[in-house]
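Structure below is coords_23.txt: compact mmCIF, C-alpha atoms.
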# COMPACT_ATOMS: atom_id res chain seq x y z
CA MET A 1 -11.37 -110.68 36.75
CA LEU A 2 -11.10 -111.58 33.10
CA ALA A 3 -9.80 -115.03 32.42
CA THR A 4 -10.00 -116.13 28.80
CA LEU A 5 -8.35 -114.92 25.61
CA ALA A 6 -11.76 -113.87 24.28
CA ASP A 7 -12.15 -111.68 27.36
CA PHE A 8 -8.89 -109.90 26.53
CA GLU A 9 -10.44 -108.60 23.31
CA ARG A 10 -13.27 -107.05 25.36
CA ALA A 11 -11.00 -105.88 28.17
CA PRO A 12 -11.82 -102.37 29.34
CA ARG A 13 -9.54 -99.49 28.54
CA ILE A 14 -7.22 -98.44 31.34
CA LEU A 15 -7.30 -94.80 32.47
CA ARG A 16 -3.77 -93.45 32.85
CA LEU A 17 -3.17 -90.54 35.22
CA ASN A 18 -0.05 -88.52 35.90
CA VAL A 19 1.39 -88.51 39.42
CA ALA A 20 -0.83 -85.55 40.34
CA GLY A 21 -3.93 -87.58 39.45
CA GLN A 22 -4.70 -85.69 36.22
CA PRO A 23 -6.28 -87.92 33.53
CA VAL A 24 -3.82 -88.21 30.66
CA GLU A 25 -5.00 -90.91 28.26
CA TRP A 26 -6.74 -94.23 27.69
CA LEU A 27 -4.53 -97.26 27.36
CA SER A 28 -5.03 -100.74 26.02
CA TRP A 29 -4.37 -103.50 28.52
CA GLN A 30 -1.18 -104.32 26.58
CA ASP A 31 0.18 -100.79 27.05
CA ALA A 32 -0.72 -100.93 30.74
CA VAL A 33 1.20 -104.19 31.12
CA CYS A 34 4.29 -102.48 29.64
CA LEU A 35 4.02 -99.65 32.18
CA TYR A 36 3.68 -102.13 35.03
CA ALA A 37 6.64 -104.17 33.73
CA ARG A 38 8.81 -101.05 33.47
CA GLU A 39 7.79 -100.20 37.06
CA LEU A 40 6.37 -96.82 36.03
CA VAL A 41 3.05 -97.31 37.83
CA VAL A 42 3.22 -95.31 41.05
CA TRP A 43 -0.28 -95.95 42.41
CA THR A 44 -3.61 -97.44 41.38
CA LEU A 45 -7.28 -97.03 42.20
CA GLY A 46 -10.01 -99.62 42.51
CA GLU A 47 -9.82 -103.35 42.21
CA ALA A 48 -7.88 -105.17 39.55
CA VAL A 49 -9.92 -105.64 36.38
CA LEU A 50 -7.52 -108.01 34.68
CA GLU A 51 -4.95 -110.59 35.73
CA ILE A 52 -2.17 -111.36 33.27
CA ARG A 53 -0.28 -114.61 33.76
CA GLY A 54 3.19 -115.06 32.35
CA GLY A 55 5.65 -117.89 32.06
CA GLN A 56 7.35 -119.88 34.79
CA SER A 57 10.52 -118.73 36.48
CA ARG A 58 13.57 -120.84 35.70
CA PHE A 59 14.82 -120.18 39.24
CA ASP A 60 11.91 -121.34 41.37
CA GLY A 61 9.26 -122.58 38.91
CA SER A 62 6.65 -120.03 40.02
CA GLN A 63 4.37 -118.49 37.42
CA SER A 64 4.51 -114.72 37.07
CA HIS A 65 1.31 -112.70 37.14
CA MET A 66 0.30 -109.07 37.05
CA ASP A 67 -2.92 -107.48 38.33
CA ILE A 68 -4.04 -104.61 36.09
CA HIS A 69 -6.23 -101.91 37.65
CA SER A 70 -8.77 -99.73 35.82
CA ILE A 71 -6.99 -96.54 36.92
CA ILE A 72 -3.21 -96.25 37.11
CA ALA A 73 -0.97 -93.28 37.90
CA CYS A 74 2.46 -93.19 36.28
CA GLU A 75 5.73 -91.34 36.60
CA GLY A 76 6.14 -88.28 34.42
CA ARG A 77 5.73 -84.54 34.23
CA VAL A 78 2.60 -82.77 35.40
CA VAL A 79 1.42 -80.89 32.33
CA PRO A 80 -1.29 -78.24 32.52
CA PRO A 81 -4.31 -79.30 30.48
CA VAL A 82 -4.40 -77.86 26.99
CA ARG A 83 -7.69 -76.19 26.13
CA HIS A 84 -9.00 -77.51 22.84
CA ILE A 85 -12.37 -76.82 21.32
CA PRO A 86 -13.86 -80.15 20.27
CA PRO A 87 -15.05 -80.25 16.68
CA LEU A 88 -18.81 -79.81 16.39
CA THR A 89 -20.24 -82.94 14.83
CA ASN A 90 -23.72 -84.36 15.18
CA GLN A 91 -22.35 -87.43 16.95
CA ALA A 92 -20.45 -85.29 19.47
CA LEU A 93 -23.51 -83.05 19.93
CA PHE A 94 -25.77 -86.04 20.59
CA ARG A 95 -23.22 -87.38 23.13
CA ARG A 96 -23.08 -83.99 24.87
CA ASP A 97 -26.87 -83.91 25.15
CA ARG A 98 -26.99 -87.63 26.07
CA ASN A 99 -29.27 -88.46 23.11
CA ILE A 100 -32.08 -86.41 24.64
CA CYS A 101 -34.13 -83.90 22.67
CA LEU A 102 -33.57 -80.72 24.63
CA TYR A 103 -37.06 -79.48 23.77
CA CYS A 104 -39.38 -82.40 24.62
CA GLY A 105 -36.96 -84.23 26.92
CA ASP A 106 -37.38 -87.65 25.25
CA GLU A 107 -34.44 -89.95 24.62
CA HIS A 108 -33.80 -90.92 20.99
CA LEU A 109 -31.42 -92.93 18.82
CA ASP A 110 -28.85 -90.95 16.82
CA ARG A 111 -30.78 -91.45 13.59
CA GLU A 112 -33.88 -89.87 15.18
CA LEU A 113 -32.07 -86.68 16.25
CA THR A 114 -31.15 -83.52 14.39
CA ARG A 115 -29.00 -80.48 15.11
CA ASP A 116 -31.17 -77.49 15.98
CA HIS A 117 -29.84 -73.96 16.05
CA VAL A 118 -31.39 -72.16 19.04
CA VAL A 119 -31.00 -68.88 17.16
CA PRO A 120 -31.59 -70.07 13.57
CA ARG A 121 -28.81 -69.46 11.07
CA SER A 122 -31.33 -67.65 8.88
CA ARG A 123 -31.72 -65.18 11.76
CA GLY A 124 -27.98 -64.64 12.32
CA GLY A 125 -27.29 -67.60 14.61
CA SER A 126 -23.93 -69.32 14.53
CA ASP A 127 -23.10 -72.97 14.04
CA ASP A 128 -21.18 -73.46 17.29
CA TRP A 129 -21.53 -75.33 20.57
CA GLU A 130 -23.27 -72.44 22.36
CA ASN A 131 -26.06 -72.23 19.75
CA VAL A 132 -26.90 -75.84 18.92
CA VAL A 133 -28.86 -78.54 20.72
CA ALA A 134 -29.97 -82.06 19.94
CA ALA A 135 -33.62 -82.09 18.87
CA CYS A 136 -35.93 -84.80 17.67
CA ARG A 137 -37.24 -84.31 14.15
CA ARG A 138 -40.71 -83.42 15.41
CA CYS A 139 -39.49 -80.65 17.73
CA ASN A 140 -37.01 -79.30 15.17
CA HIS A 141 -39.76 -79.10 12.54
CA ARG A 142 -42.18 -77.50 15.02
CA LYS A 143 -39.67 -74.82 16.03
CA GLY A 144 -38.66 -74.16 12.44
CA ASP A 145 -36.67 -70.96 11.93
CA ARG A 146 -38.23 -69.13 14.84
CA LEU A 147 -36.48 -67.84 17.93
CA PRO A 148 -37.21 -69.71 21.20
CA TRP A 149 -39.61 -67.06 22.53
CA GLU A 150 -41.44 -66.89 19.20
CA ALA A 151 -41.97 -70.65 19.16
CA GLY A 152 -42.53 -70.95 22.91
CA MET A 153 -39.85 -73.66 22.89
CA TYR A 154 -36.84 -73.28 25.16
CA PRO A 155 -33.97 -75.76 25.50
CA ARG A 156 -34.01 -77.60 28.83
CA ASN A 157 -30.28 -76.92 29.26
CA THR A 158 -28.16 -73.98 28.19
CA PRO A 159 -26.02 -75.20 25.31
CA LYS A 160 -22.32 -74.88 26.03
CA GLU A 161 -19.05 -76.10 24.70
CA PRO A 162 -18.25 -79.54 26.14
CA THR A 163 -14.84 -80.45 27.45
CA MET A 164 -12.58 -82.65 25.36
CA VAL A 165 -13.08 -85.27 28.07
CA GLN A 166 -16.82 -85.35 27.48
CA VAL A 167 -16.47 -85.65 23.72
CA ALA A 168 -13.40 -87.87 23.51
CA TRP A 169 -14.39 -90.27 26.27
CA ALA A 170 -18.15 -90.39 25.90
CA GLY A 171 -19.43 -93.83 25.05
CA ARG A 172 -16.19 -95.65 25.82
CA LEU A 173 -16.44 -98.94 27.62
CA THR A 174 -15.18 -97.73 30.96
CA HIS A 175 -15.27 -99.01 34.46
CA PRO A 176 -17.75 -97.12 36.72
CA LEU A 177 -14.84 -95.99 38.90
CA GLN A 178 -13.22 -94.38 35.84
CA ARG A 179 -16.38 -92.41 35.00
CA GLU A 180 -16.67 -91.19 38.61
CA TYR A 181 -13.00 -90.21 38.71
CA VAL A 182 -13.01 -88.32 35.41
CA ALA A 183 -16.29 -86.56 36.26
CA ALA A 184 -14.90 -85.45 39.64
CA TRP A 185 -11.54 -84.35 38.19
CA HIS A 186 -13.09 -82.29 35.38
CA LYS A 187 -16.22 -81.32 37.33
CA VAL A 188 -18.35 -82.85 34.59
CA PRO A 189 -22.10 -82.82 35.26
CA GLU A 190 -23.57 -86.14 36.43
CA GLY A 191 -24.45 -88.40 33.53
CA ALA A 192 -22.40 -86.51 30.95
CA LEU A 193 -19.91 -89.37 30.52
Could you write out this structure as structure tokens?
Amino acid sequence: MLATLADFERAPRILRLNVAGQPVEWLSWQDAVCLYARELVVWTLGEAVLEIRGGQSRFDGSQSHMDIHSIIACEGRVVPPVRHIPPLTNQALFRRDRNICLYCGDEHLDRELTRDHVVPRSRGGSDDWENVVAACRRCNHRKGDRLPWEAGMYPRNTPKEPTMVQVAWAGRLTHPLQREYVAAWHKVPEGAL
């Protein structure tokens, strides 16, 4: 449980679900408190990650408090997920590939990675999720503008379009239970979040 005001600034985001258990959005702890206060939280998962203490009751002198959980389900409509194609940026690409060069398999910092086109653009390849992988500078230079079979370099994973969940929620400070829940709901491969 978080206890000090400084801890509130580092408080984890709260995962909001609809009543069917579908992930809807990330909330600040303040927004979660409002949902609890309005009695819109139907059910929760996991242990409380934050305890909010309020003022004292004028009727009996007791202090109010609210336990905030890392995953909350709220009243509302069940909306089918909208399929969006995440924008292809280097940062999103590196998150999708977990900062691993998909040729040599080594982990790198963002500044050490580049975007490699599996089928080079000079050979008719497209600049989209299904044709790009994260590559370290050494591997990208070694492969050059050759096709995988010409260079003898094949990506360790088949590049594919990530879900909005993977891109939008990657790298967030989340509770382990939230990562497990989102991965199970969206059938995200282990370690992708």
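In this structure, CA of Cys74 (chain A) sits 19.4 Å away from CA of Glu180 (chain A).
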Leu17 (chain A): which residues within 10 Å, counting only C-alpha atoms, same-chain residues fewer than 4 positions away excluded, as an mmCIF file with C-alpha atoms, in the coordinates of the input?
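Final output, part_7.cif:
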data_model
loop_
_atom_site.group_PDB
_atom_site.id
_atom_site.type_symbol
_atom_site.label_atom_id
_atom_site.label_comp_id
_atom_site.auth_asym_id
_atom_site.auth_seq_id
_atom_site.Cartn_x
_atom_site.Cartn_y
_atom_site.Cartn_z
ATOM 1 C CA GLY A 21 -3.930 -87.580 39.450
ATOM 2 C CA GLN A 22 -4.700 -85.690 36.220
ATOM 3 C CA PRO A 23 -6.280 -87.920 33.530
ATOM 4 C CA VAL A 24 -3.820 -88.210 30.660
ATOM 5 C CA GLU A 25 -5.000 -90.910 28.260
ATOM 6 C CA TRP A 26 -6.740 -94.230 27.690
ATOM 7 C CA VAL A 41 3.050 -97.310 37.830
ATOM 8 C CA VAL A 42 3.220 -95.310 41.050
ATOM 9 C CA TRP A 43 -0.280 -95.950 42.410
ATOM 10 C CA THR A 44 -3.610 -97.440 41.380
ATOM 11 C CA ILE A 71 -6.990 -96.540 36.920
ATOM 12 C CA ILE A 72 -3.210 -96.250 37.110
ATOM 13 C CA ALA A 73 -0.970 -93.280 37.900
ATOM 14 C CA CYS A 74 2.460 -93.190 36.280
ATOM 15 C CA GLU A 75 5.730 -91.340 36.600
ATOM 16 C CA GLY A 76 6.140 -88.280 34.420
ATOM 17 C CA VAL A 78 2.600 -82.770 35.400
#
Coordinates-based distance that separates CA of Ser70 (chain A) from CA of Asp110 (chain A) (Å, one decimal):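 Calculated distance between CA of Asp110 (chain A) and CA of Ser70 (chain A) is 29.0 Å.
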Atom pair CA of Leu35 (chain A) / CA of Ile14 (chain A): separation (Å): 11.3 Å
Distance query His117 (chain A) at most 10 Å, all atoms listed in the file, self and fewer than 3 positions along chain excluded, as a count of residues only: 23
